[in-house]
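Engineer: Dropping in structure29.json, with JSON, C-alpha atoms and all ligand atoms.
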[["chain", "number", "residue", "atom", "x", "y", "z"],
["A", 1, "MET", "CA", 24.03, 18.33, -30.00],
["A", 2, "LYS", "CA", 24.45, 15.19, -27.95],
["A", 3, "PRO", "CA", 21.27, 14.39, -26.01],
["A", 4, "LEU", "CA", 21.62, 14.70, -22.25],
["A", 5, "LYS", "CA", 21.67, 11.55, -20.17],
["A", 6, "PRO", "CA", 18.98, 11.34, -17.47],
["A", 7, "ASP", "CA", 21.54, 11.83, -14.72],
["A", 8, "ASP", "CA", 22.90, 15.08, -16.17],
["A", 9, "CYS", "CA", 21.03, 17.32, -13.74],
["A", 10, "PRO", "CA", 21.66, 21.05, -13.34],
["A", 11, "PRO", "CA", 21.42, 22.61, -9.86],
["A", 12, "PHE", "CA", 17.97, 23.71, -8.65],
["A", 13, "LEU", "CA", 17.14, 27.31, -9.66],
["A", 14, "GLY", "CA", 20.33, 27.44, -11.70],
["A", 15, "GLU", "CA", 21.92, 29.04, -8.64],
["A", 16, "PRO", "CA", 25.44, 28.40, -7.57],
["A", 17, "ALA", "CA", 24.54, 25.50, -5.33],
["A", 18, "ALA", "CA", 24.83, 25.76, -1.58],
["A", 19, "PRO", "CA", 27.36, 23.25, -0.23],
["A", 20, "ALA", "CA", 26.41, 19.74, 0.85],
["A", 21, "GLY", "CA", 25.02, 19.95, 4.38],
["A", 22, "ALA", "CA", 22.82, 22.94, 3.45],
["A", 23, "ALA", "CA", 19.39, 23.12, 5.08],
["A", 24, "VAL", "CA", 17.67, 21.65, 2.03],
["A", 25, "SER", "CA", 19.13, 18.77, 0.07],
["A", 26, "ILE", "CA", 17.70, 17.80, -3.31],
["A", 27, "LEU", "CA", 18.49, 14.31, -4.57],
["A", 28, "PRO", "CA", 17.68, 13.72, -8.27],
["A", 29, "ILE", "CA", 16.62, 10.09, -8.79],
["A", 30, "PRO", "CA", 16.16, 9.36, -12.52],
["A", 31, "PHE", "CA", 14.92, 5.86, -11.80],
["A", 32, "GLU", "CA", 12.38, 3.99, -13.89],
["A", 33, "ARG", "CA", 11.86, 0.24, -13.88],
["A", 34, "THR", "CA", 8.21, -0.62, -13.25],
["A", 35, "THR", "CA", 6.09, 2.10, -14.89],
["A", 36, "SER", "CA", 3.14, 0.53, -16.65],
["A", 37, "TYR", "CA", 1.44, 2.93, -19.06],
["A", 38, "GLY", "CA", 3.35, 5.97, -20.27],
["A", 39, "LYS", "CA", 7.12, 5.94, -19.82],
["A", 40, "GLY", "CA", 9.60, 8.74, -19.46],
["A", 41, "THR", "CA", 9.81, 9.46, -15.72],
["A", 42, "GLU", "CA", 13.58, 8.93, -15.76],
["A", 43, "LEU", "CA", 13.80, 12.32, -17.48],
["A", 44, "GLY", "CA", 11.70, 13.93, -14.72],
["A", 45, "PRO", "CA", 14.48, 15.23, -12.44],
["A", 46, "GLN", "CA", 16.39, 16.78, -15.33],
["A", 47, "ALA", "CA", 13.26, 18.52, -16.67],
["A", 48, "ILE", "CA", 12.27, 19.86, -13.23],
["A", 49, "LEU", "CA", 15.75, 21.19, -12.56],
["A", 50, "ALA", "CA", 16.12, 22.68, -16.06],
["A", 51, "ALA", "CA", 12.72, 24.42, -15.72],
["A", 52, "SER", "CA", 13.64, 25.69, -12.24],
["A", 53, "GLU", "CA", 16.18, 28.02, -13.80],
["A", 54, "TYR", "CA", 13.20, 30.19, -14.84],
["A", 55, "VAL", "CA", 11.44, 30.21, -11.46],
["A", 56, "GLU", "CA", 11.66, 33.66, -9.84],
["A", 57, "LEU", "CA", 13.62, 33.60, -6.60],
["A", 58, "TRP", "CA", 11.21, 36.05, -4.94],
["A", 59, "ASP", "CA", 8.05, 34.40, -3.58],
["A", 60, "GLU", "CA", 5.24, 36.95, -3.70],
["A", 61, "GLU", "CA", 3.06, 34.99, -1.29],
["A", 62, "LEU", "CA", 5.73, 34.53, 1.37],
["A", 63, "GLN", "CA", 7.40, 37.88, 0.73],
["A", 64, "SER", "CA", 10.80, 36.26, 0.85],
["A", 65, "GLU", "CA", 13.48, 34.53, -1.19],
["A", 66, "PRO", "CA", 13.20, 30.96, 0.08],
["A", 67, "TYR", "CA", 16.39, 29.79, -1.62],
["A", 68, "ARG", "CA", 18.33, 31.78, 1.01],
["A", 69, "VAL", "CA", 17.67, 28.98, 3.46],
["A", 70, "GLY", "CA", 20.36, 27.05, 1.54],
["A", 71, "VAL", "CA", 19.56, 24.52, -1.16],
["A", 72, "HIS", "CA", 22.05, 21.91, -2.26],
["A", 73, "THR", "CA", 21.47, 19.76, -5.36],
["A", 74, "ALA", "CA", 23.24, 16.45, -4.91],
["A", 75, "ARG", "CA", 24.57, 14.33, -7.75],
["A", 76, "ALA", "CA", 21.86, 12.25, -9.38],
["A", 77, "TRP", "CA", 21.48, 8.72, -8.04],
["A", 78, "ARG", "CA", 20.73, 5.84, -10.38],
["A", 79, "PRO", "CA", 21.44, 2.14, -9.96],
["A", 80, "ARG", "CA", 23.43, 0.36, -12.63],
["A", 81, "PRO", "CA", 21.05, -1.06, -15.26],
["A", 82, "GLN", "CA", 21.99, -4.66, -14.40],
["A", 83, "THR", "CA", 21.25, -4.23, -10.67],
["A", 84, "PRO", "CA", 18.11, -6.27, -9.84],
["A", 85, "LEU", "CA", 15.17, -4.24, -8.55],
["A", 86, "PRO", "CA", 15.29, -5.38, -4.88],
["A", 87, "GLU", "CA", 19.00, -4.55, -4.63],
["A", 88, "ALA", "CA", 18.46, -1.20, -6.36],
["A", 89, "ILE", "CA", 15.74, -0.28, -3.86],
["A", 90, "ALA", "CA", 17.98, -1.31, -0.94],
["A", 91, "GLU", "CA", 20.88, 0.71, -2.38],
["A", 92, "LEU", "CA", 18.69, 3.78, -2.63],
["A", 93, "GLU", "CA", 17.66, 3.41, 1.02],
["A", 94, "GLU", "CA", 21.31, 3.30, 2.11],
["A", 95, "HIS", "CA", 22.25, 6.22, -0.13],
["A", 96, "ALA", "CA", 19.39, 8.34, 1.26],
["A", 97, "ALA", "CA", 20.22, 7.29, 4.83],
["A", 98, "GLU", "CA", 23.72, 8.71, 4.35],
["A", 99, "ILE", "CA", 22.23, 12.03, 3.23],
["A", 100, "TYR", "CA", 19.91, 12.09, 6.26],
["A", 101, "ALA", "CA", 22.62, 11.14, 8.74],
["A", 102, "GLY", "CA", 23.32, 13.85, 11.27],
["A", 103, "ARG", "CA", 21.28, 16.58, 9.60],
["A", 104, "GLN", "CA", 18.21, 18.50, 10.71],
["A", 105, "GLY", "CA", 17.16, 19.82, 7.32],
["A", 106, "LEU", "CA", 14.80, 18.72, 4.60],
["A", 107, "VAL", "CA", 15.77, 15.99, 2.14],
["A", 108, "ILE", "CA", 13.85, 16.00, -1.16],
["A", 109, "GLY", "CA", 13.94, 13.10, -3.62],
["A", 110, "LEU", "CA", 13.06, 13.97, -7.22],
["A", 111, "GLY", "CA", 11.77, 11.04, -9.27],
["A", 112, "GLY", "CA", 11.63, 9.14, -11.30],
["A", 113, "GLU", "CA", 8.86, 6.65, -10.71],
["A", 114, "HIS", "CA", 6.89, 6.33, -7.49],
["A", 115, "SER", "CA", 8.59, 3.12, -6.29],
["A", 116, "ILE", "CA", 11.42, 5.28, -4.85],
["A", 117, "THR", "CA", 9.15, 6.46, -2.04],
["A", 118, "ALA", "CA", 9.34, 3.29, 0.08],
["A", 119, "PRO", "CA", 13.15, 3.33, 0.49],
["A", 120, "LEU", "CA", 13.18, 7.13, 0.93],
["A", 121, "PHE", "CA", 10.50, 6.86, 3.62],
["A", 122, "ARG", "CA", 12.47, 4.14, 5.45],
["A", 123, "ALA", "CA", 15.63, 6.26, 5.35],
["A", 124, "ALA", "CA", 13.69, 9.22, 6.78],
["A", 125, "ARG", "CA", 12.28, 7.01, 9.51],
["A", 126, "ARG", "CA", 15.73, 5.74, 10.44],
["A", 127, "ALA", "CA", 16.81, 9.37, 10.92],
["A", 128, "ALA", "CA", 13.69, 10.87, 12.48],
["A", 129, "GLY", "CA", 12.06, 8.01, 14.39],
["A", 130, "SER", "CA", 8.29, 7.63, 14.31],
["A", 131, "ILE", "CA", 6.84, 9.45, 11.28],
["A", 132, "GLY", "CA", 3.57, 9.43, 9.38],
["A", 133, "ILE", "CA", 3.10, 9.86, 5.65],
["A", 134, "VAL", "CA", 1.03, 12.26, 3.54],
["A", 135, "GLN", "CA", 0.44, 11.21, -0.07],
["A", 136, "PHE", "CA", -0.84, 13.43, -2.86],
["A", 137, "ASP", "CA", -1.78, 11.08, -5.70],
["A", 138, "ALA", "CA", -4.51, 10.04, -8.13],
["A", 139, "HIS", "CA", -3.86, 6.36, -7.31],
["A", 140, "SER", "CA", -3.92, 4.66, -3.96],
["A", 141, "ASP", "CA", -0.85, 2.51, -4.86],
["A", 142, "LEU", "CA", -1.91, -0.11, -2.30],
["A", 143, "ARG", "CA", -1.70, -3.25, -4.44],
["A", 144, "GLU", "CA", 0.04, -6.16, -2.73],
["A", 145, "SER", "CA", 2.03, -6.56, -5.94],
["A", 146, "TYR", "CA", 1.70, -5.50, -9.55],
["A", 147, "GLU", "CA", 2.91, -7.11, -12.76],
["A", 148, "GLY", "CA", 4.79, -9.67, -10.72],
["A", 149, "THR", "CA", 6.65, -7.41, -8.30],
["A", 150, "PRO", "CA", 5.81, -6.18, -4.80],
["A", 151, "LEU", "CA", 8.23, -3.29, -5.43],
["A", 152, "SER", "CA", 6.14, -1.73, -8.21],
["A", 153, "HIS", "CA", 5.12, 1.92, -8.26],
["A", 154, "ALA", "CA", 1.54, 0.59, -7.93],
["A", 155, "SER", "CA", 2.41, -1.12, -4.61],
["A", 156, "VAL", "CA", 4.53, 1.59, -3.07],
["A", 157, "MET", "CA", 2.08, 2.77, -0.41],
["A", 158, "LYS", "CA", 1.39, -0.83, 0.58],
["A", 159, "ARG", "CA", 5.13, -1.27, 1.16],
["A", 160, "VAL", "CA", 5.21, 1.89, 3.29],
["A", 161, "LEU", "CA", 2.16, 0.80, 5.29],
["A", 162, "ASP", "CA", 3.59, -2.72, 5.78],
["A", 163, "GLU", "CA", 5.77, -1.03, 8.38],
["A", 164, "GLU", "CA", 4.07, -1.22, 11.74],
["A", 165, "SER", "CA", 1.95, 1.66, 13.00],
["A", 166, "VAL", "CA", 2.54, 4.11, 10.17],
["A", 167, "SER", "CA", -0.39, 6.51, 9.97],
["A", 168, "SER", "CA", -1.21, 8.11, 6.67],
["A", 169, "LEU", "CA", -3.36, 10.61, 4.83],
["A", 170, "ALA", "CA", -3.88, 10.19, 1.08],
["A", 171, "ILE", "CA", -5.23, 13.15, -0.90],
["A", 172, "GLY", "CA", -6.82, 13.25, -4.35],
["A", 173, "ILE", "CA", -7.29, 9.48, -4.78],
["A", 174, "ARG", "CA", -9.61, 8.60, -7.67],
["A", 175, "SER", "CA", -8.26, 5.35, -9.11],
["A", 176, "LEU", "CA", -7.96, 2.06, -7.25],
["A", 177, "SER", "CA", -8.88, -1.61, -7.37],
["A", 178, "GLU", "CA", -11.43, -3.45, -5.24],
["A", 179, "PRO", "CA", -8.81, -5.06, -2.91],
["A", 180, "GLU", "CA", -7.26, -1.64, -2.33],
["A", 181, "ALA", "CA", -10.67, -0.19, -1.47],
["A", 182, "ARG", "CA", -11.20, -3.06, 0.97],
["A", 183, "LEU", "CA", -7.80, -2.49, 2.59],
["A", 184, "ILE", "CA", -8.63, 1.20, 3.07],
["A", 185, "ALA", "CA", -11.91, 0.28, 4.73],
["A", 186, "ASP", "CA", -10.47, -2.56, 6.86],
["A", 187, "ARG", "CA", -7.53, -0.54, 8.16],
["A", 188, "ASP", "CA", -9.52, 2.69, 8.31],
["A", 189, "LEU", "CA", -6.88, 4.47, 6.22],
["A", 190, "GLN", "CA", -7.50, 8.20, 5.96],
["A", 191, "VAL", "CA", -8.32, 9.46, 2.45],
["A", 192, "ILE", "CA", -9.53, 12.71, 0.92],
["A", 193, "TRP", "CA", -11.00, 11.33, -2.29],
["A", 194, "GLY", "CA", -10.70, 13.10, -5.63],
["A", 195, "HIS", "CA", -14.42, 13.88, -5.66],
["A", 196, "GLU", "CA", -14.08, 15.49, -2.21],
["A", 197, "LEU", "CA", -11.30, 17.90, -3.20],
["A", 198, "ALA", "CA", -13.78, 20.72, -3.88],
["A", 199, "GLU", "CA", -14.78, 20.63, -0.19],
["A", 200, "TYR", "CA", -11.24, 21.75, 0.64],
["A", 201, "GLU", "CA", -11.37, 24.78, -1.65],
["A", 202, "VAL", "CA", -14.17, 27.14, -0.54],
["A", 203, "PRO", "CA", -15.16, 28.88, 1.60],
["A", 204, "GLN", "CA", -11.49, 29.30, 2.23],
["A", 205, "ASP", "CA", -11.36, 29.61, 6.03],
["A", 206, "GLU", "CA", -13.71, 26.69, 6.60],
["A", 207, "ALA", "CA", -11.91, 24.59, 4.03],
["A", 208, "ASP", "CA", -8.53, 25.29, 5.65],
["A", 209, "ALA", "CA", -9.85, 24.40, 9.11],
["A", 210, "LYS", "CA", -11.36, 21.22, 7.72],
["A", 211, "PHE", "CA", -8.04, 20.22, 6.18],
["A", 212, "VAL", "CA", -6.14, 20.86, 9.41],
["A", 213, "GLU", "CA", -8.59, 18.50, 11.16],
["A", 214, "ARG", "CA", -7.67, 15.80, 8.67],
["A", 215, "LEU", "CA", -4.03, 16.07, 9.79],
["A", 216, "ALA", "CA", -4.82, 15.61, 13.47],
["A", 217, "HIS", "CA", -4.28, 11.83, 13.61],
["A", 218, "LEU", "CA", -0.78, 12.06, 12.16],
["A", 219, "PRO", "CA", 2.30, 12.22, 14.41],
["A", 220, "GLU", "CA", 4.24, 15.46, 14.69],
["A", 221, "SER", "CA", 6.80, 14.42, 12.06],
["A", 222, "VAL", "CA", 5.73, 13.33, 8.60],
["A", 223, "TYR", "CA", 7.10, 12.36, 5.22],
["A", 224, "LEU", "CA", 5.42, 13.90, 2.16],
["A", 225, "THR", "CA", 5.17, 12.02, -1.12],
["A", 226, "PHE", "CA", 3.80, 14.00, -4.04],
["A", 227, "ASP", "CA", 2.86, 12.11, -7.21],
["A", 228, "VAL", "CA", 2.23, 14.80, -9.82],
["A", 229, "ASP", "CA", -0.70, 12.83, -11.30],
["A", 230, "TYR", "CA", -2.57, 14.13, -8.22],
["A", 231, "PHE", "CA", -3.07, 17.30, -10.26],
["A", 232, "ASP", "CA", -5.76, 17.60, -12.86],
["A", 233, "PRO", "CA", -4.29, 16.53, -16.23],
["A", 234, "ALA", "CA", -5.46, 19.89, -17.60],
["A", 235, "ILE", "CA", -2.57, 21.47, -15.69],
["A", 236, "VAL", "CA", -0.13, 18.53, -15.58],
["A", 237, "PRO", "CA", -0.61, 16.44, -18.74],
["A", 238, "SER", "CA", 2.98, 15.14, -18.66],
["A", 239, "THR", "CA", 2.61, 12.07, -16.49],
["A", 240, "GLY", "CA", 2.43, 8.36, -17.23],
["A", 241, "THR", "CA", -1.04, 7.59, -15.86],
["A", 242, "PRO", "CA", -3.16, 10.75, -15.98],
["A", 243, "GLU", "CA", -6.58, 10.66, -14.30],
["A", 244, "PRO", "CA", -9.34, 13.23, -14.76],
["A", 245, "GLY", "CA", -10.66, 15.29, -11.90],
["A", 246, "GLY", "CA", -7.51, 16.14, -9.96],
["A", 247, "GLY", "CA", -6.30, 18.97, -7.79],
["A", 248, "SER", "CA", -5.88, 22.56, -8.90],
["A", 249, "TRP", "CA", -3.03, 24.93, -8.13],
["A", 250, "TYR", "CA", -4.01, 27.39, -5.39],
["A", 251, "PRO", "CA", -6.14, 25.06, -3.23],
["A", 252, "THR", "CA", -3.29, 22.55, -3.32],
["A", 253, "LEU", "CA", -0.78, 25.20, -2.25],
["A", 254, "ARG", "CA", -3.03, 26.09, 0.68],
["A", 255, "MET", "CA", -3.10, 22.46, 1.79],
["A", 256, "LEU", "CA", 0.68, 22.24, 1.51],
["A", 257, "ARG", "CA", 1.16, 25.46, 3.44],
["A", 258, "ALA", "CA", -1.06, 24.14, 6.24],
["A", 259, "LEU", "CA", 0.77, 20.81, 6.22],
["A", 260, "PHE", "CA", 4.21, 22.44, 6.58],
["A", 261, "ARG", "CA", 2.84, 24.73, 9.32],
["A", 262, "GLU", "CA", 1.10, 22.01, 11.34],
["A", 263, "LYS", "CA", 3.65, 19.23, 11.00],
["A", 264, "ARG", "CA", 7.40, 18.83, 10.87],
["A", 265, "VAL", "CA", 8.05, 17.57, 7.33],
["A", 266, "VAL", "CA", 11.33, 15.67, 7.60],
["A", 267, "GLY", "CA", 11.55, 14.37, 4.07],
["A", 268, "MET", "CA", 9.64, 14.46, 0.83],
["A", 269, "ASP", "CA", 9.63, 13.40, -2.78],
["A", 270, "ILE", "CA", 8.04, 14.55, -6.02],
["A", 271, "VAL", "CA", 7.56, 11.75, -8.53],
["A", 272, "GLU", "CA", 6.07, 10.64, -11.85],
["A", 273, "LEU", "CA", 6.65, 13.67, -14.05],
["A", 274, "ALA", "CA", 7.19, 12.24, -17.55],
["A", 275, "PRO", "CA", 8.25, 15.35, -19.46],
["A", 276, "ARG", "CA", 7.27, 15.95, -23.06],
["A", 277, "PRO", "CA", 8.99, 18.66, -25.07],
["A", 278, "GLU", "CA", 5.67, 20.08, -26.32],
["A", 279, "GLN", "CA", 4.32, 20.41, -22.75],
["A", 280, "PRO", "CA", 6.82, 22.60, -20.86],
["A", 281, "ALA", "CA", 4.07, 23.94, -18.58],
["A", 282, "SER", "CA", 4.05, 20.65, -16.63],
["A", 283, "ASP", "CA", 7.80, 20.82, -15.99],
["A", 284, "PHE", "CA", 7.56, 24.43, -14.89],
["A", 285, "LEU", "CA", 4.60, 23.75, -12.59],
["A", 286, "VAL", "CA", 6.51, 20.98, -10.84],
["A", 287, "ALA", "CA", 9.63, 23.14, -10.49],
["A", 288, "LYS", "CA", 7.49, 25.83, -8.91],
["A", 289, "LEU", "CA", 5.74, 23.31, -6.67],
["A", 290, "LEU", "CA", 9.13, 22.24, -5.37],
["A", 291, "TYR", "CA", 10.13, 25.86, -4.69],
["A", 292, "LYS", "CA", 6.81, 26.52, -2.92],
["A", 293, "CYS", "CA", 7.39, 23.50, -0.67],
["A", 294, "ILE", "CA", 10.88, 24.75, 0.20],
["A", 295, "GLY", "CA", 9.37, 28.17, 0.95],
["A", 296, "TYR", "CA", 6.67, 26.73, 3.22],
["A", 297, "TRP", "CA", 9.21, 24.55, 4.97],
["A", 298, "ALA", "CA", 11.55, 27.48, 5.55],
["A", 299, "ALA", "CA", 8.69, 29.73, 6.73],
["A", 300, "SER", "CA", 7.51, 27.16, 9.27],
["A", 301, "ARG", "CA", 11.01, 26.58, 10.57],
["A", 302, "LEU", "CA", 12.27, 30.13, 10.71],
["A", 303, "GLY", "CA", 8.95, 31.78, 11.61],
["A", 401, "MN", "MN", -0.17, 8.01, -9.12]]
Translate the structure of the given file into structure tokens.

Structural biologist:
Amino acid sequence: MKPLKPDDCPPFLGEPAAPAGAAVSILPIPFERTTSYGKGTELGPQAILAASEYVELWDEELQSEPYRVGVHTARAWRPRPQTPLPEAIAELEEHAAEIYAGRQGLVIGLGGEHSITAPLFRAARRAAGSIGIVQFDAHSDLRESYEGTPLSHASVMKRVLDEESVSSLAIGIRSLSEPEARLIADRDLQVIWGHELAEYEVPQDEADAKFVERLAHLPESVYLTFDVDYFDPAIVPSTGTPEPGGGSWYPTLRMLRALFREKRVVGMDIVELAPRPEQPASDFLVAKLLYKCIGYWAASRLG
């Protein structure tokens, strides 16, 4: 059998796809240029979408079939290999801006490496005006540049926060350099550190209220970037730069549910899955995470 190319991506859930212009638009982005440790994120979108075929359509928590909101899987986007990184990033912004243009729904980028977030965020901002950003991640990604490029995955949040007056909340951070720590302190960036995650688990009601308080400084509309290395590597080992001590499944879902309820999420991405054939549980978890986000989004919008 001929191996699949990274941009051969089946539709989400294996469903006959809703037409373009559906409420939810998924854009597979098998893009990998700057990853530093483990490689393989360019196969992320394909693995997530292939695993999604086995996700049940019925959501037992929401008591609904969230896919009915309408989910379209767009053709995968990838720059030509010879396109220099800055041009590739600019191309992605324009491509995403076209998808956002004139629509009220949710646009979801599926990486690929984390560097795609900056252009996706800018495209969302062009469509939705002033927006904040919520980042689930093990790493702060606030380096001015990394391995010679300011467009690295390790600098992506710095590029987002270079834009004026973007407020942010980073969740699960447990790996950063001294200059990044200083930047967080100097700019008073809002962080729920990895070692604080347990405070957002139990007792449940108090923890939920505490999390909602942490969202208060953000504007009404936000962009969500979800780096899967946020999770504990015990449940998501398939990622390039795993860090011990990450988030667990149900408490994370509760945070996401609160986020989608409290804020208008206008765009999001899920990045950094580096699938390994012997670890299908990671792929399946991420596929389910994506479906849960669509469910929470639909529930908050449709009531
Ligand atoms: Mn990360």

Engineer: Distance atom CA of A:Trp249-atom CA of A:Gly295, one decimal place?

Structural biologist: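 Rounded to one decimal, the two atoms are 15.7 Å apart.
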
Engineer: Using all atoms listed in the file, which protein or nucleic acid residues come within 6 Å of A:Ala123? Drop anything in the same chain fewer than 2 positions from it, and give the result as a VMD selection string.

Structural biologist: chain A and resid 93 96 to 97 120 to 121 125 to 126

Engineer: Within 12 Å of ligand MN 401 (chain A), counting all atoms listed in the file, which protein or nucleic acid residues do you find, written as a PDB file with C-alpha atoms, in the frame of the given file?

Structural biologist:
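Output below, filename result17.pdb:
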ATOM      1  CA  THR A  35       6.090   2.100 -14.890  1.00  0.00           C
ATOM      2  CA  SER A  36       3.140   0.530 -16.650  1.00  0.00           C
ATOM      3  CA  TYR A  37       1.440   2.930 -19.060  1.00  0.00           C
ATOM      4  CA  GLY A  38       3.350   5.970 -20.270  1.00  0.00           C
ATOM      5  CA  GLU A 113       8.860   6.650 -10.710  1.00  0.00           C
ATOM      6  CA  HIS A 114       6.890   6.330  -7.490  1.00  0.00           C
ATOM      7  CA  SER A 115       8.590   3.120  -6.290  1.00  0.00           C
ATOM      8  CA  THR A 117       9.150   6.460  -2.040  1.00  0.00           C
ATOM      9  CA  GLN A 135       0.440  11.210  -0.070  1.00  0.00           C
ATOM     10  CA  PHE A 136      -0.840  13.430  -2.860  1.00  0.00           C
ATOM     11  CA  ASP A 137      -1.780  11.080  -5.700  1.00  0.00           C
ATOM     12  CA  ALA A 138      -4.510  10.040  -8.130  1.00  0.00           C
ATOM     13  CA  HIS A 139      -3.860   6.360  -7.310  1.00  0.00           C
ATOM     14  CA  SER A 140      -3.920   4.660  -3.960  1.00  0.00           C
ATOM     15  CA  ASP A 141      -0.850   2.510  -4.860  1.00  0.00           C
ATOM     16  CA  LEU A 142      -1.910  -0.110  -2.300  1.00  0.00           C
ATOM     17  CA  SER A 152       6.140  -1.730  -8.210  1.00  0.00           C
ATOM     18  CA  HIS A 153       5.120   1.920  -8.260  1.00  0.00           C
ATOM     19  CA  ALA A 154       1.540   0.590  -7.930  1.00  0.00           C
ATOM     20  CA  SER A 155       2.410  -1.120  -4.610  1.00  0.00           C
ATOM     21  CA  VAL A 156       4.530   1.590  -3.070  1.00  0.00           C
ATOM     22  CA  MET A 157       2.080   2.770  -0.410  1.00  0.00           C
ATOM     23  CA  ALA A 170      -3.880  10.190   1.080  1.00  0.00           C
ATOM     24  CA  ILE A 171      -5.230  13.150  -0.900  1.00  0.00           C
ATOM     25  CA  GLY A 172      -6.820  13.250  -4.350  1.00  0.00           C
ATOM     26  CA  ILE A 173      -7.290   9.480  -4.780  1.00  0.00           C
ATOM     27  CA  ARG A 174      -9.610   8.600  -7.670  1.00  0.00           C
ATOM     28  CA  SER A 175      -8.260   5.350  -9.110  1.00  0.00           C
ATOM     29  CA  LEU A 176      -7.960   2.060  -7.250  1.00  0.00           C
ATOM     30  CA  THR A 225       5.170  12.020  -1.120  1.00  0.00           C
ATOM     31  CA  PHE A 226       3.800  14.000  -4.040  1.00  0.00           C
ATOM     32  CA  ASP A 227       2.860  12.110  -7.210  1.00  0.00           C
ATOM     33  CA  VAL A 228       2.230  14.800  -9.820  1.00  0.00           C
ATOM     34  CA  ASP A 229      -0.700  12.830 -11.300  1.00  0.00           C
ATOM     35  CA  TYR A 230      -2.570  14.130  -8.220  1.00  0.00           C
ATOM     36  CA  PHE A 231      -3.070  17.300 -10.260  1.00  0.00           C
ATOM     37  CA  ASP A 232      -5.760  17.600 -12.860  1.00  0.00           C
ATOM     38  CA  PRO A 233      -4.290  16.530 -16.230  1.00  0.00           C
ATOM     39  CA  THR A 239       2.610  12.070 -16.490  1.00  0.00           C
ATOM     40  CA  GLY A 240       2.430   8.360 -17.230  1.00  0.00           C
ATOM     41  CA  THR A 241      -1.040   7.590 -15.860  1.00  0.00           C
ATOM     42  CA  PRO A 242      -3.160  10.750 -15.980  1.00  0.00           C
ATOM     43  CA  GLU A 243      -6.580  10.660 -14.300  1.00  0.00           C
ATOM     44  CA  PRO A 244      -9.340  13.230 -14.760  1.00  0.00           C
ATOM     45  CA  GLY A 246      -7.510  16.140  -9.960  1.00  0.00           C
ATOM     46  CA  ILE A 270       8.040  14.550  -6.020  1.00  0.00           C
ATOM     47  CA  VAL A 271       7.560  11.750  -8.530  1.00  0.00           C
ATOM     48  CA  GLU A 272       6.070  10.640 -11.850  1.00  0.00           C
ATOM     49  CA  LEU A 273       6.650  13.670 -14.050  1.00  0.00           C
ATOM     50  CA  ALA A 274       7.190  12.240 -17.550  1.00  0.00           C
TER      51      ALA A 274
END

Engineer: For atom CA of A:Lys5 and atom CA of A:Leu43, determine how far apart the two atoms are, in Å to one decimal place.

Structural biologist: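 These two atoms are separated by 8.4 Å.
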
Engineer: Under the rule that only C-alpha atoms are counted, which of A:Ala101, A:Met255, A:Val107, A:Ile89 is the nearest residue to A:Lys292?

Structural biologist: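 Under the stated criterion, the closest residue is A:Met255.
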
Engineer: Please indicate the distance in Å from atom CA of A:Gly132 to atom CA of A:Ile192, rounded to one decimal place.

Structural biologist: 15.9 Å

Engineer: Considering all atoms listed in the file, can you say which of A:Tyr146, A:Phe260, A:Phe284, A:Phe12 comes closest to A:His72?

Structural biologist: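 So, comparing all the options, the nearest one is A:Phe12.
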
Engineer: Give me the residues near A:Arg80 as number ranges by chain, where near means some atom within 12 Å (using all atoms listed in the file) and where sequence neighbours in that chain fewer than 4 positions away do not count.

Structural biologist: A: 7, 30-33, 84-85, 87-89, 91-92

Engineer: Identify, on the basis of only C-alpha atoms, every residue whose closest approach to stretch 23-29 of chain A does not exceed 7 Å; exclude the query and any residue fewer than 4 positions from it along the same chain; express the result as a list in words.

Structural biologist: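 Neighbouring residues, sequence-local ones excluded: Pro45, Val69, Gly70, Val71, His72, Thr73, Ala74, Arg75, Ala76, Trp77, Arg78, Gly105, Leu106, Val107, Ile108, Gly109, Leu110, Gly111 and Gly112 of chain A.
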
Engineer: Go ahead and write the residues just picked, C-alpha atoms, as a short mmCIF file (atom, residue, chain, number, x, y, z; two decimals), in the frame of the given file.

Structural biologist:
data_model
loop_
_atom_site.label_atom_id
_atom_site.label_comp_id
_atom_site.auth_asym_id
_atom_site.auth_seq_id
_atom_site.Cartn_x
_atom_site.Cartn_y
_atom_site.Cartn_z
CA PRO A 45 14.48 15.23 -12.44
CA VAL A 69 17.67 28.98 3.46
CA GLY A 70 20.36 27.05 1.54
CA VAL A 71 19.56 24.52 -1.16
CA HIS A 72 22.05 21.91 -2.26
CA THR A 73 21.47 19.76 -5.36
CA ALA A 74 23.24 16.45 -4.91
CA ARG A 75 24.57 14.33 -7.75
CA ALA A 76 21.86 12.25 -9.38
CA TRP A 77 21.48 8.72 -8.04
CA ARG A 78 20.73 5.84 -10.38
CA GLY A 105 17.16 19.82 7.32
CA LEU A 106 14.80 18.72 4.60
CA VAL A 107 15.77 15.99 2.14
CA ILE A 108 13.85 16.00 -1.16
CA GLY A 109 13.94 13.10 -3.62
CA LEU A 110 13.06 13.97 -7.22
CA GLY A 111 11.77 11.04 -9.27
CA GLY A 112 11.63 9.14 -11.30
#

Engineer: With distances taken over all atoms listed in the file, which of A:Cys9, A:Ala90, A:Ala299, A:Val266 is nearest to A:Glu61?

Structural biologist: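 Residue with the minimum atom-to-atom distance to A:Glu61: A:Ala299.
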
Engineer: Can you tell me which residues surround A:Arg276 at a distance of at most 10 Å, considering only C-alpha atoms, apart from same-chain residues fewer than 6 positions away, and format the answer as an MDAnalysis selection string?

Structural biologist: chainID A and resid 40 43:44 47 237:239 282:283

Engineer: Can you report as lines of an AutoDock Vina configuration file the centre and edge lengths in Å, to one decimal, of an axis-aligned box around the listed atoms of stretch 136-140 of chain A padded with 6 Å on each side?

Structural biologist:
center_x = -2.7
center_y = 9.0
center_z = -5.5
size_x = 15.7
size_y = 20.8
size_z = 17.3
